[in-house]
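Asks: So that you have it, the file is data.txt, and it contains compact mmCIF, N, CA and C atoms:
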```
# COMPACT_ATOMS: atom_id res chain seq x y z
N MET F 1 -35.73 -13.15 57.78
CA MET F 1 -37.05 -13.61 58.15
C MET F 1 -37.52 -14.61 57.10
N LEU F 2 -37.93 -15.75 57.56
CA LEU F 2 -38.45 -16.77 56.64
C LEU F 2 -39.96 -16.67 56.58
N GLY F 3 -40.50 -16.99 55.46
CA GLY F 3 -41.94 -16.99 55.32
C GLY F 3 -42.31 -17.22 53.88
N ASN F 4 -43.58 -17.18 53.59
CA ASN F 4 -44.05 -17.36 52.22
C ASN F 4 -44.23 -16.01 51.56
N PHE F 5 -43.13 -15.35 51.25
CA PHE F 5 -43.17 -14.09 50.54
C PHE F 5 -43.20 -14.38 49.05
N ARG F 6 -43.91 -13.57 48.32
CA ARG F 6 -43.94 -13.72 46.88
C ARG F 6 -42.54 -13.47 46.34
N ASN F 7 -42.05 -14.39 45.53
CA ASN F 7 -40.74 -14.29 44.90
C ASN F 7 -39.58 -14.24 45.87
N ARG F 8 -39.68 -14.89 47.00
CA ARG F 8 -38.55 -14.98 47.93
C ARG F 8 -38.32 -16.43 48.28
N TRP F 9 -37.06 -16.80 48.43
CA TRP F 9 -36.68 -18.17 48.74
C TRP F 9 -35.63 -18.19 49.81
N ARG F 10 -35.52 -19.30 50.46
CA ARG F 10 -34.36 -19.59 51.31
C ARG F 10 -33.84 -20.92 50.81
N MET F 11 -32.55 -20.96 50.49
CA MET F 11 -31.97 -22.15 49.89
C MET F 11 -30.80 -22.64 50.73
N VAL F 12 -30.84 -23.90 51.09
CA VAL F 12 -29.81 -24.48 51.94
C VAL F 12 -29.42 -25.85 51.39
N ALA F 13 -28.13 -26.08 51.26
CA ALA F 13 -27.64 -27.42 50.89
C ALA F 13 -26.78 -27.91 52.05
N LEU F 14 -27.13 -29.03 52.62
CA LEU F 14 -26.33 -29.61 53.69
C LEU F 14 -25.33 -30.58 53.08
N ALA F 15 -24.08 -30.40 53.37
CA ALA F 15 -23.04 -31.26 52.81
C ALA F 15 -22.54 -32.20 53.90
N ALA F 16 -22.88 -33.45 53.78
CA ALA F 16 -22.41 -34.45 54.75
C ALA F 16 -21.17 -35.12 54.18
N ALA F 17 -20.05 -34.95 54.82
CA ALA F 17 -18.79 -35.50 54.32
C ALA F 17 -18.55 -36.87 54.92
N LEU F 18 -18.31 -37.86 54.07
CA LEU F 18 -18.08 -39.21 54.53
C LEU F 18 -16.71 -39.69 54.07
N LEU F 19 -16.04 -40.44 54.91
CA LEU F 19 -14.72 -41.00 54.59
C LEU F 19 -14.90 -42.26 53.75
N ALA F 20 -14.07 -42.42 52.73
CA ALA F 20 -14.14 -43.62 51.89
C ALA F 20 -12.77 -43.94 51.33
N GLY F 21 -12.60 -45.14 50.81
CA GLY F 21 -11.42 -45.57 50.09
C GLY F 21 -10.08 -45.20 50.68
N CYS F 22 -9.31 -46.14 51.09
CA CYS F 22 -7.99 -45.89 51.66
C CYS F 22 -6.95 -46.68 50.89
N ALA F 23 -6.00 -45.98 50.25
CA ALA F 23 -4.95 -46.66 49.50
C ALA F 23 -3.78 -47.02 50.39
N ASP F 24 -3.75 -46.50 51.60
CA ASP F 24 -2.63 -46.72 52.52
C ASP F 24 -3.20 -47.22 53.84
N ALA F 25 -2.91 -48.44 54.22
CA ALA F 25 -3.49 -49.05 55.40
C ALA F 25 -3.01 -48.42 56.70
N VAL F 26 -1.87 -47.70 56.68
CA VAL F 26 -1.31 -47.12 57.90
C VAL F 26 -1.90 -45.74 58.17
N GLY F 27 -1.94 -44.88 57.17
CA GLY F 27 -2.38 -43.50 57.34
C GLY F 27 -3.88 -43.36 57.36
N GLY F 28 -4.31 -42.15 57.57
CA GLY F 28 -5.74 -41.89 57.57
C GLY F 28 -6.06 -40.42 57.49
N CYS F 29 -7.30 -40.13 57.12
CA CYS F 29 -7.81 -38.77 57.07
C CYS F 29 -9.14 -38.74 57.80
N THR F 30 -9.41 -37.64 58.47
CA THR F 30 -10.70 -37.45 59.11
C THR F 30 -11.35 -36.21 58.53
N VAL F 31 -12.67 -36.20 58.55
CA VAL F 31 -13.47 -35.07 58.05
C VAL F 31 -14.62 -34.85 59.01
N PRO F 32 -15.23 -33.65 59.00
CA PRO F 32 -16.38 -33.42 59.87
C PRO F 32 -17.59 -34.20 59.37
N SER F 33 -18.58 -34.34 60.20
CA SER F 33 -19.77 -35.08 59.81
C SER F 33 -20.70 -34.23 58.95
N ALA F 34 -20.63 -32.91 59.04
CA ALA F 34 -21.52 -32.08 58.23
C ALA F 34 -20.98 -30.67 58.09
N SER F 35 -21.28 -30.06 56.97
CA SER F 35 -20.97 -28.66 56.71
C SER F 35 -22.23 -28.05 56.11
N LEU F 36 -22.28 -26.74 56.06
CA LEU F 36 -23.48 -26.07 55.59
C LEU F 36 -23.15 -25.10 54.46
N LEU F 37 -23.93 -25.18 53.41
CA LEU F 37 -23.90 -24.20 52.33
C LEU F 37 -25.25 -23.50 52.39
N ASP F 38 -25.28 -22.24 52.77
CA ASP F 38 -26.54 -21.53 52.99
C ASP F 38 -26.59 -20.31 52.07
N PHE F 39 -27.51 -20.31 51.12
CA PHE F 39 -27.66 -19.20 50.20
C PHE F 39 -28.43 -18.04 50.82
N GLY F 40 -29.06 -18.28 51.97
CA GLY F 40 -29.83 -17.23 52.60
C GLY F 40 -31.15 -16.98 51.90
N THR F 41 -31.78 -15.87 52.24
CA THR F 41 -33.05 -15.49 51.63
C THR F 41 -32.78 -14.69 50.36
N ILE F 42 -33.47 -15.04 49.29
CA ILE F 42 -33.22 -14.44 47.98
C ILE F 42 -34.50 -13.82 47.45
N ASP F 43 -34.39 -12.61 46.93
CA ASP F 43 -35.51 -11.94 46.28
C ASP F 43 -35.36 -12.17 44.78
N ALA F 44 -36.18 -13.03 44.23
CA ALA F 44 -36.02 -13.45 42.83
C ALA F 44 -36.23 -12.32 41.83
N ALA F 45 -37.02 -11.34 42.21
CA ALA F 45 -37.31 -10.27 41.26
C ALA F 45 -36.08 -9.44 40.92
N SER F 46 -35.14 -9.33 41.86
CA SER F 46 -33.99 -8.47 41.61
C SER F 46 -32.65 -9.15 41.81
N SER F 47 -32.62 -10.42 42.15
CA SER F 47 -31.36 -11.10 42.47
C SER F 47 -30.68 -11.67 41.23
N PRO F 48 -29.35 -11.48 41.15
CA PRO F 48 -28.57 -12.14 40.11
C PRO F 48 -28.26 -13.57 40.54
N ASP F 49 -27.37 -14.26 39.81
CA ASP F 49 -26.94 -15.59 40.23
C ASP F 49 -26.49 -15.51 41.69
N GLN F 50 -26.71 -16.58 42.44
CA GLN F 50 -26.36 -16.61 43.86
C GLN F 50 -25.24 -17.60 44.11
N SER F 51 -24.31 -17.24 44.99
CA SER F 51 -23.24 -18.16 45.33
C SER F 51 -23.01 -18.14 46.83
N THR F 52 -22.38 -19.20 47.34
CA THR F 52 -22.07 -19.30 48.75
C THR F 52 -20.89 -20.23 48.91
N ASN F 53 -20.35 -20.30 50.13
CA ASN F 53 -19.30 -21.27 50.42
C ASN F 53 -19.46 -21.77 51.84
N SER F 54 -18.74 -22.85 52.14
CA SER F 54 -18.87 -23.49 53.44
C SER F 54 -18.00 -22.83 54.50
N GLY F 55 -17.29 -21.76 54.13
CA GLY F 55 -16.46 -21.06 55.10
C GLY F 55 -15.42 -21.96 55.73
N SER F 56 -15.21 -21.82 57.00
CA SER F 56 -14.20 -22.62 57.68
C SER F 56 -14.79 -23.87 58.32
N SER F 57 -16.04 -24.19 58.01
CA SER F 57 -16.68 -25.33 58.67
C SER F 57 -16.34 -26.68 58.03
N PHE F 58 -15.71 -26.67 56.86
CA PHE F 58 -15.35 -27.91 56.19
C PHE F 58 -13.85 -28.07 56.25
N TRP F 59 -13.36 -29.14 56.84
CA TRP F 59 -11.93 -29.36 56.96
C TRP F 59 -11.59 -30.82 56.80
N VAL F 60 -10.32 -31.07 56.50
CA VAL F 60 -9.78 -32.42 56.37
C VAL F 60 -8.50 -32.47 57.20
N ASN F 61 -8.29 -33.55 57.91
CA ASN F 61 -7.08 -33.74 58.70
C ASN F 61 -6.50 -35.10 58.34
N CYS F 62 -5.34 -35.10 57.67
CA CYS F 62 -4.69 -36.35 57.27
C CYS F 62 -3.39 -36.53 58.05
N THR F 63 -3.10 -37.77 58.37
CA THR F 63 -1.83 -38.07 59.04
C THR F 63 -0.70 -38.04 58.01
N SER F 64 0.51 -37.92 58.47
CA SER F 64 1.66 -37.88 57.57
C SER F 64 1.91 -39.22 56.89
N ASP F 65 1.22 -40.28 57.33
CA ASP F 65 1.36 -41.59 56.71
C ASP F 65 0.58 -41.71 55.39
N VAL F 66 -0.30 -40.75 55.11
CA VAL F 66 -1.06 -40.77 53.85
C VAL F 66 -0.09 -40.44 52.74
N LYS F 67 0.11 -41.38 51.83
CA LYS F 67 1.15 -41.25 50.79
C LYS F 67 0.64 -40.67 49.48
N THR F 68 -0.68 -40.62 49.29
CA THR F 68 -1.24 -40.07 48.06
C THR F 68 -2.03 -38.81 48.39
N MET F 69 -2.15 -37.90 47.41
CA MET F 69 -2.93 -36.68 47.62
C MET F 69 -4.42 -37.04 47.72
N PRO F 70 -5.09 -36.64 48.79
CA PRO F 70 -6.51 -36.93 48.91
C PRO F 70 -7.29 -36.28 47.77
N LYS F 71 -8.36 -36.95 47.35
CA LYS F 71 -9.23 -36.45 46.28
C LYS F 71 -10.67 -36.48 46.77
N LEU F 72 -11.47 -35.53 46.30
CA LEU F 72 -12.85 -35.40 46.75
C LEU F 72 -13.79 -35.44 45.55
N TYR F 73 -14.93 -36.14 45.71
CA TYR F 73 -15.99 -36.12 44.70
C TYR F 73 -17.34 -36.26 45.39
N SER F 74 -18.40 -35.99 44.65
CA SER F 74 -19.76 -36.15 45.17
C SER F 74 -20.67 -36.68 44.08
N GLY F 75 -21.19 -37.87 44.29
CA GLY F 75 -22.11 -38.47 43.33
C GLY F 75 -23.56 -38.09 43.61
N SER F 76 -23.80 -37.27 44.63
CA SER F 76 -25.17 -36.87 45.00
C SER F 76 -25.79 -35.98 43.92
N ALA F 77 -27.11 -36.06 43.82
CA ALA F 77 -27.83 -35.17 42.91
C ALA F 77 -27.58 -33.73 43.35
N ARG F 78 -27.38 -32.87 42.40
CA ARG F 78 -27.07 -31.46 42.70
C ARG F 78 -28.32 -30.62 42.47
N ALA F 79 -29.31 -30.87 43.31
CA ALA F 79 -30.56 -30.12 43.23
C ALA F 79 -31.21 -30.07 44.61
N MET F 80 -31.67 -28.87 44.98
CA MET F 80 -32.43 -28.70 46.22
C MET F 80 -33.90 -28.84 45.87
N THR F 81 -34.70 -29.24 46.84
CA THR F 81 -36.12 -29.44 46.58
C THR F 81 -36.98 -28.66 47.57
N PHE F 82 -38.17 -28.33 47.11
CA PHE F 82 -39.24 -27.75 47.91
C PHE F 82 -40.51 -28.39 47.36
N GLY F 83 -41.04 -29.36 48.07
CA GLY F 83 -42.18 -30.12 47.55
C GLY F 83 -41.79 -30.81 46.25
N ALA F 84 -42.54 -30.56 45.19
CA ALA F 84 -42.27 -31.19 43.89
C ALA F 84 -41.31 -30.35 43.03
N TYR F 85 -40.87 -29.21 43.54
CA TYR F 85 -40.01 -28.32 42.78
C TYR F 85 -38.54 -28.62 43.06
N THR F 86 -37.71 -28.52 42.01
CA THR F 86 -36.28 -28.75 42.18
C THR F 86 -35.50 -27.54 41.68
N LEU F 87 -34.37 -27.30 42.32
CA LEU F 87 -33.50 -26.18 41.98
C LEU F 87 -32.07 -26.69 41.88
N PRO F 88 -31.51 -26.76 40.65
CA PRO F 88 -30.14 -27.26 40.49
C PRO F 88 -29.11 -26.28 41.04
N PHE F 89 -27.97 -26.82 41.46
CA PHE F 89 -26.86 -26.00 41.90
C PHE F 89 -25.56 -26.66 41.49
N ARG F 90 -24.49 -25.88 41.52
CA ARG F 90 -23.16 -26.38 41.15
C ARG F 90 -22.30 -26.44 42.40
N LEU F 91 -21.34 -27.36 42.43
CA LEU F 91 -20.36 -27.48 43.52
C LEU F 91 -18.96 -27.36 42.94
N SER F 92 -18.09 -26.66 43.67
CA SER F 92 -16.71 -26.49 43.21
C SER F 92 -15.79 -26.36 44.41
N LEU F 93 -14.53 -26.75 44.24
CA LEU F 93 -13.51 -26.53 45.26
C LEU F 93 -12.70 -25.27 44.97
N VAL F 94 -12.94 -24.63 43.82
CA VAL F 94 -12.12 -23.51 43.38
C VAL F 94 -12.78 -22.16 43.69
N SER F 95 -13.98 -21.96 43.17
CA SER F 95 -14.75 -20.73 43.39
C SER F 95 -16.16 -20.98 42.87
N PRO F 96 -17.13 -20.14 43.25
CA PRO F 96 -18.49 -20.34 42.74
C PRO F 96 -18.51 -20.31 41.22
N GLY F 97 -19.11 -21.29 40.61
CA GLY F 97 -19.22 -21.34 39.16
C GLY F 97 -17.99 -21.87 38.43
N ALA F 98 -16.91 -22.19 39.16
CA ALA F 98 -15.72 -22.76 38.54
C ALA F 98 -15.98 -24.22 38.19
N ALA F 99 -14.95 -24.93 37.79
CA ALA F 99 -15.08 -26.35 37.42
C ALA F 99 -15.83 -27.12 38.50
N ASP F 100 -16.83 -27.88 38.07
CA ASP F 100 -17.64 -28.66 39.01
C ASP F 100 -16.82 -29.75 39.69
N LEU F 101 -17.17 -30.02 40.93
CA LEU F 101 -16.60 -31.14 41.65
C LEU F 101 -17.02 -32.41 40.91
N PRO F 102 -16.10 -33.34 40.66
CA PRO F 102 -16.46 -34.56 39.94
C PRO F 102 -17.59 -35.33 40.64
N THR F 103 -18.35 -36.08 39.84
CA THR F 103 -19.45 -36.88 40.38
C THR F 103 -19.06 -38.33 40.60
N SER F 104 -17.84 -38.69 40.21
CA SER F 104 -17.35 -40.06 40.41
C SER F 104 -15.83 -40.03 40.50
N PRO F 105 -15.22 -41.13 40.96
CA PRO F 105 -13.77 -41.17 41.05
C PRO F 105 -13.14 -41.12 39.65
N PRO F 106 -11.96 -40.60 39.46
CA PRO F 106 -11.17 -39.99 40.52
C PRO F 106 -11.70 -38.60 40.83
N GLY F 107 -11.59 -38.21 42.08
CA GLY F 107 -12.08 -36.91 42.50
C GLY F 107 -11.10 -35.79 42.18
N MET F 108 -11.42 -34.61 42.67
CA MET F 108 -10.55 -33.45 42.49
C MET F 108 -9.52 -33.45 43.61
N PRO F 109 -8.22 -33.32 43.26
CA PRO F 109 -7.17 -33.33 44.28
C PRO F 109 -7.31 -32.18 45.28
N LEU F 110 -7.08 -32.48 46.55
CA LEU F 110 -7.07 -31.47 47.59
C LEU F 110 -5.62 -31.09 47.86
N ALA F 111 -5.33 -29.83 47.91
CA ALA F 111 -3.96 -29.37 48.17
C ALA F 111 -3.71 -29.37 49.67
N ILE F 112 -3.40 -30.55 50.22
CA ILE F 112 -3.11 -30.67 51.64
C ILE F 112 -1.65 -30.26 51.84
N ALA F 113 -1.44 -29.14 52.54
CA ALA F 113 -0.09 -28.63 52.74
C ALA F 113 0.50 -29.06 54.08
N HIS F 114 -0.34 -29.35 55.04
CA HIS F 114 0.12 -29.71 56.38
C HIS F 114 -0.57 -30.99 56.83
N TYR F 115 0.13 -31.76 57.59
CA TYR F 115 -0.44 -33.00 58.11
C TYR F 115 -0.67 -32.87 59.61
N ASN F 116 -1.60 -33.66 60.10
CA ASN F 116 -1.95 -33.71 61.52
C ASN F 116 -2.53 -32.39 62.04
N ILE F 117 -3.07 -31.56 61.14
CA ILE F 117 -3.81 -30.38 61.56
C ILE F 117 -5.05 -30.28 60.67
N ASN F 118 -6.02 -29.50 61.09
CA ASN F 118 -7.23 -29.31 60.31
C ASN F 118 -6.96 -28.35 59.15
N GLU F 119 -7.03 -28.87 57.92
CA GLU F 119 -6.87 -28.07 56.71
C GLU F 119 -8.25 -27.62 56.25
N VAL F 120 -8.47 -26.32 56.17
CA VAL F 120 -9.76 -25.79 55.72
C VAL F 120 -9.89 -26.00 54.22
N ILE F 121 -10.97 -26.63 53.81
CA ILE F 121 -11.25 -26.87 52.39
C ILE F 121 -12.60 -26.22 52.08
N PRO F 122 -12.59 -25.01 51.51
CA PRO F 122 -13.87 -24.38 51.17
C PRO F 122 -14.57 -25.15 50.05
N LEU F 123 -15.85 -25.32 50.20
CA LEU F 123 -16.70 -25.93 49.18
C LEU F 123 -17.63 -24.82 48.70
N TYR F 124 -17.57 -24.48 47.42
CA TYR F 124 -18.35 -23.39 46.87
C TYR F 124 -19.56 -23.92 46.13
N SER F 125 -20.61 -23.11 46.10
CA SER F 125 -21.82 -23.51 45.39
C SER F 125 -22.42 -22.30 44.68
N LYS F 126 -23.11 -22.58 43.58
CA LYS F 126 -23.73 -21.50 42.81
C LYS F 126 -25.06 -21.97 42.25
N ILE F 127 -26.05 -21.08 42.29
CA ILE F 127 -27.33 -21.33 41.61
C ILE F 127 -27.55 -20.17 40.64
N LEU F 128 -28.08 -20.50 39.49
CA LEU F 128 -28.32 -19.50 38.46
C LEU F 128 -29.68 -18.86 38.64
N ALA F 129 -29.73 -17.53 38.48
CA ALA F 129 -30.99 -16.80 38.60
C ALA F 129 -32.03 -17.35 37.62
N SER F 130 -31.58 -17.76 36.45
CA SER F 130 -32.52 -18.30 35.45
C SER F 130 -33.18 -19.59 35.94
N ASP F 131 -32.55 -20.29 36.89
CA ASP F 131 -33.13 -21.53 37.42
C ASP F 131 -34.13 -21.28 38.55
N PHE F 132 -34.00 -20.16 39.29
CA PHE F 132 -34.91 -19.96 40.42
C PHE F 132 -35.99 -18.91 40.19
N ARG F 133 -35.88 -18.12 39.17
CA ARG F 133 -36.86 -17.05 38.97
C ARG F 133 -38.27 -17.55 38.69
N THR F 134 -38.39 -18.73 38.14
CA THR F 134 -39.73 -19.25 37.80
C THR F 134 -40.31 -20.17 38.88
N LEU F 135 -39.56 -20.38 39.96
CA LEU F 135 -40.01 -21.29 41.02
C LEU F 135 -40.81 -20.56 42.09
N PRO F 136 -41.72 -21.26 42.77
CA PRO F 136 -42.47 -20.62 43.85
C PRO F 136 -41.59 -20.41 45.08
N ALA F 137 -41.99 -19.46 45.92
CA ALA F 137 -41.27 -19.19 47.16
C ALA F 137 -41.34 -20.40 48.08
N GLY F 138 -40.29 -20.60 48.87
CA GLY F 138 -40.26 -21.71 49.81
C GLY F 138 -38.86 -21.95 50.31
N VAL F 139 -38.71 -22.92 51.17
CA VAL F 139 -37.40 -23.30 51.69
C VAL F 139 -36.91 -24.50 50.88
N TYR F 140 -35.90 -24.30 50.06
CA TYR F 140 -35.33 -25.34 49.22
C TYR F 140 -34.11 -25.91 49.94
N ALA F 141 -34.04 -27.22 50.07
CA ALA F 141 -32.94 -27.84 50.81
C ALA F 141 -32.64 -29.22 50.26
N THR F 142 -31.45 -29.71 50.59
CA THR F 142 -31.05 -31.07 50.24
C THR F 142 -29.88 -31.47 51.12
N ALA F 143 -29.54 -32.72 51.09
CA ALA F 143 -28.32 -33.23 51.73
C ALA F 143 -27.49 -33.89 50.64
N ILE F 144 -26.19 -33.67 50.66
CA ILE F 144 -25.31 -34.30 49.69
C ILE F 144 -24.24 -35.09 50.43
N THR F 145 -23.68 -36.06 49.75
CA THR F 145 -22.59 -36.86 50.31
C THR F 145 -21.32 -36.54 49.56
N LEU F 146 -20.27 -36.25 50.32
CA LEU F 146 -18.94 -36.03 49.74
C LEU F 146 -18.11 -37.27 50.05
N THR F 147 -17.33 -37.71 49.08
CA THR F 147 -16.47 -38.88 49.30
C THR F 147 -15.01 -38.46 49.16
N LEU F 148 -14.23 -38.81 50.17
CA LEU F 148 -12.81 -38.49 50.19
C LEU F 148 -12.03 -39.78 49.92
N GLU F 149 -11.17 -39.73 48.90
CA GLU F 149 -10.32 -40.88 48.58
C GLU F 149 -8.88 -40.53 48.89
N TYR F 150 -8.15 -41.51 49.41
CA TYR F 150 -6.72 -41.32 49.64
C TYR F 150 -6.02 -42.65 49.61
```
Please go through the file and, once you have read it, give me the structure as structure tokens.

Replies:
Amino acid sequence: MLGNFRNRWRMVALAAALLAGCADAVGGCTVPSASLLDFGTIDAASSPDQSTNSGSSFWVNCTSDVKTMPKLYSGSARAMTFGAYTLPFRLSLVSPGAADLPTSPPGMPLAIAHYNINEVIPLYSKILASDFRTLPAGVYATAITLTLEY
């Protein structure tokens, strides 16, 4: 249930994946237009650090003509907003709180094992309890851009 509860938040980061940079004129990779990272409703009074992932909604499909390992990065600001309030978060391809996804090229290599099929690439996110405990209740959201290089 969403609402203005004291010390409760709903946090959502929308990840819009965009195709960029091609080192091979013959091959190609496709990605979905959007994925969702949803932290759900959080009770700040008793909640520890929060993490989420994009599940199976984020995928990459590369043709066998792609000769280099695709890499992913995001130069977008890593903060959700609610009015004038901001809430930082981390992005990772490994696990919540692991090494951050790079903010500029070269990106983090994607382990594409199969070609011409949809490879699920989980995108993990984490927010620290110390960052949200002092913020007012509300719906915090943002959109980020992911860039795929190959």

Asks: With a distance cut-off of 8 Å and all atoms listed in the file, select the neighbouring residues of segment 62-76 of chain F, excluding the residue or stretch itself and same-chain residues fewer than 5 positions from it, and output the selection as a JSON list (two decimals) with N, CA and C atoms, keeping the file's coordinate frame.

Replies:
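As a result, result_26.json now contains:
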```
[["chain", "number", "residue", "atom", "x", "y", "z"],
["F", 23, "ALA", "N", -6.00, -45.98, 50.25],
["F", 23, "ALA", "CA", -4.95, -46.66, 49.50],
["F", 23, "ALA", "C", -3.78, -47.02, 50.39],
["F", 24, "ASP", "N", -3.75, -46.50, 51.60],
["F", 24, "ASP", "CA", -2.63, -46.72, 52.52],
["F", 24, "ASP", "C", -3.20, -47.22, 53.84],
["F", 25, "ALA", "N", -2.91, -48.44, 54.22],
["F", 25, "ALA", "CA", -3.49, -49.05, 55.40],
["F", 25, "ALA", "C", -3.01, -48.42, 56.70],
["F", 26, "VAL", "N", -1.87, -47.70, 56.68],
["F", 26, "VAL", "CA", -1.31, -47.12, 57.90],
["F", 26, "VAL", "C", -1.90, -45.74, 58.17],
["F", 27, "GLY", "N", -1.94, -44.88, 57.17],
["F", 27, "GLY", "CA", -2.38, -43.50, 57.34],
["F", 27, "GLY", "C", -3.88, -43.36, 57.36],
["F", 28, "GLY", "N", -4.31, -42.15, 57.57],
["F", 28, "GLY", "CA", -5.74, -41.89, 57.57],
["F", 28, "GLY", "C", -6.06, -40.42, 57.49],
["F", 29, "CYS", "N", -7.30, -40.13, 57.12],
["F", 29, "CYS", "CA", -7.81, -38.77, 57.07],
["F", 29, "CYS", "C", -9.14, -38.74, 57.80],
["F", 30, "THR", "N", -9.41, -37.64, 58.47],
["F", 30, "THR", "CA", -10.70, -37.45, 59.11],
["F", 30, "THR", "C", -11.35, -36.21, 58.53],
["F", 31, "VAL", "N", -12.67, -36.20, 58.55],
["F", 31, "VAL", "CA", -13.47, -35.07, 58.05],
["F", 31, "VAL", "C", -14.62, -34.85, 59.01],
["F", 101, "LEU", "N", -17.17, -30.02, 40.93],
["F", 101, "LEU", "CA", -16.60, -31.14, 41.65],
["F", 101, "LEU", "C", -17.02, -32.41, 40.91],
["F", 102, "PRO", "N", -16.10, -33.34, 40.66],
["F", 102, "PRO", "CA", -16.46, -34.56, 39.94],
["F", 102, "PRO", "C", -17.59, -35.33, 40.64],
["F", 103, "THR", "N", -18.35, -36.08, 39.84],
["F", 103, "THR", "CA", -19.45, -36.88, 40.38],
["F", 103, "THR", "C", -19.06, -38.33, 40.60],
["F", 104, "SER", "N", -17.84, -38.69, 40.21],
["F", 104, "SER", "CA", -17.35, -40.06, 40.41],
["F", 104, "SER", "C", -15.83, -40.03, 40.50],
["F", 105, "PRO", "N", -15.22, -41.13, 40.96],
["F", 105, "PRO", "CA", -13.77, -41.17, 41.05],
["F", 105, "PRO", "C", -13.14, -41.12, 39.65],
["F", 106, "PRO", "N", -11.96, -40.60, 39.46],
["F", 106, "PRO", "CA", -11.17, -39.99, 40.52],
["F", 106, "PRO", "C", -11.70, -38.60, 40.83],
["F", 107, "GLY", "N", -11.59, -38.21, 42.08],
["F", 107, "GLY", "CA", -12.08, -36.91, 42.50],
["F", 107, "GLY", "C", -11.10, -35.79, 42.18],
["F", 108, "MET", "N", -11.42, -34.61, 42.67],
["F", 108, "MET", "CA", -10.55, -33.45, 42.49],
["F", 108, "MET", "C", -9.52, -33.45, 43.61],
["F", 109, "PRO", "N", -8.22, -33.32, 43.26],
["F", 109, "PRO", "CA", -7.17, -33.33, 44.28],
["F", 109, "PRO", "C", -7.31, -32.18, 45.28],
["F", 110, "LEU", "N", -7.08, -32.48, 46.55],
["F", 110, "LEU", "CA", -7.07, -31.47, 47.59],
["F", 110, "LEU", "C", -5.62, -31.09, 47.86],
["F", 111, "ALA", "N", -5.33, -29.83, 47.91],
["F", 111, "ALA", "CA", -3.96, -29.37, 48.17],
["F", 111, "ALA", "C", -3.71, -29.37, 49.67],
["F", 112, "ILE", "N", -3.40, -30.55, 50.22],
["F", 112, "ILE", "CA", -3.11, -30.67, 51.64],
["F", 112, "ILE", "C", -1.65, -30.26, 51.84],
["F", 114, "HIS", "N", -0.34, -29.35, 55.04],
["F", 114, "HIS", "CA", 0.12, -29.71, 56.38],
["F", 114, "HIS", "C", -0.57, -30.99, 56.83],
["F", 115, "TYR", "N", 0.13, -31.76, 57.59],
["F", 115, "TYR", "CA", -0.44, -33.00, 58.11],
["F", 115, "TYR", "C", -0.67, -32.87, 59.61],
["F", 116, "ASN", "N", -1.60, -33.66, 60.10],
["F", 116, "ASN", "CA", -1.95, -33.71, 61.52],
["F", 116, "ASN", "C", -2.53, -32.39, 62.04],
["F", 117, "ILE", "N", -3.07, -31.56, 61.14],
["F", 117, "ILE", "CA", -3.81, -30.38, 61.56],
["F", 117, "ILE", "C", -5.05, -30.28, 60.67],
["F", 118, "ASN", "N", -6.02, -29.50, 61.09],
["F", 118, "ASN", "CA", -7.23, -29.31, 60.31],
["F", 118, "ASN", "C", -6.96, -28.35, 59.15],
["F", 119, "GLU", "N", -7.03, -28.87, 57.92],
["F", 119, "GLU", "CA", -6.87, -28.07, 56.71],
["F", 119, "GLU", "C", -8.25, -27.62, 56.25],
["F", 143, "ALA", "N", -29.54, -32.72, 51.09],
["F", 143, "ALA", "CA", -28.32, -33.23, 51.73],
["F", 143, "ALA", "C", -27.49, -33.89, 50.64],
["F", 144, "ILE", "N", -26.19, -33.67, 50.66],
["F", 144, "ILE", "CA", -25.31, -34.30, 49.69],
["F", 144, "ILE", "C", -24.24, -35.09, 50.43],
["F", 145, "THR", "N", -23.68, -36.06, 49.75],
["F", 145, "THR", "CA", -22.59, -36.86, 50.31],
["F", 145, "THR", "C", -21.32, -36.54, 49.56],
["F", 146, "LEU", "N", -20.27, -36.25, 50.32],
["F", 146, "LEU", "CA", -18.94, -36.03, 49.74],
["F", 146, "LEU", "C", -18.11, -37.27, 50.05],
["F", 147, "THR", "N", -17.33, -37.71, 49.08],
["F", 147, "THR", "CA", -16.47, -38.88, 49.30],
["F", 147, "THR", "C", -15.01, -38.46, 49.16],
["F", 148, "LEU", "N", -14.23, -38.81, 50.17],
["F", 148, "LEU", "CA", -12.81, -38.49, 50.19],
["F", 148, "LEU", "C", -12.03, -39.78, 49.92],
["F", 149, "GLU", "N", -11.17, -39.73, 48.90],
["F", 149, "GLU", "CA", -10.32, -40.88, 48.58],
["F", 149, "GLU", "C", -8.88, -40.53, 48.89],
["F", 150, "TYR", "N", -8.15, -41.51, 49.41],
["F", 150, "TYR", "CA", -6.72, -41.32, 49.64],
["F", 150, "TYR", "C", -6.02, -42.65, 49.61]]
```

Asks: Provide the atom CA of Trp59 of chain F to atom CA of Thr81 of chain F distance in Å, to one decimal place.

Replies: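 Separating atom CA of Trp59 of chain F from atom CA of Thr81 of chain F is a distance of 26.3 Å.
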
Asks: Please indicate the distance in Å from atom CA of Gly138 of chain F to atom C of Asp43 of chain F, rounded to one decimal place.

Replies: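 Going from atom CA of Gly138 of chain F over to atom C of Asp43 of chain F, I get 11.8 Å.
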
Asks: Quick check, in Å to one decimal: how far apart do atom CA of Asp131 of chain F and atom N of Gly97 of chain F lie?

Replies: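 Separation between atom CA of Asp131 of chain F and atom N of Gly97 of chain F: 14.4 Å.
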
Asks: To test your reading of the structure, identify every residue in segment 17-138 of chain F that backbone DSSP assigns to alpha helix (DSSP H), and report it as a PyMOL selection string.

Replies: chain F and resi 129-132

Asks: Which of these residues is nearest to Ala77 of chain F, using only N, CA and C atoms: F:Asp100, F:Ala113, F:Ala44, F:Phe89?

Replies: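 Ranking F:Asp100, F:Ala113, F:Ala44, F:Phe89 by distance to Ala77 of chain F, first place goes to F:Phe89.
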
Asks: With distances taken over only C-alpha atoms, which of F:Ala129, F:Leu91, F:Ala84, F:Ala79 is nearest to Thr52 of chain F?

Replies: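 The answer is F:Leu91, which sits nearest to Thr52 of chain F.
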
Asks: Using only N, CA and C atoms, find the one residue out of F:Val60, F:Ile42, F:Met80, F:Leu36 that sits nearest to Tyr140 of chain F.

Replies: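 Closest residue, counting only N, CA and C atoms: F:Met80.
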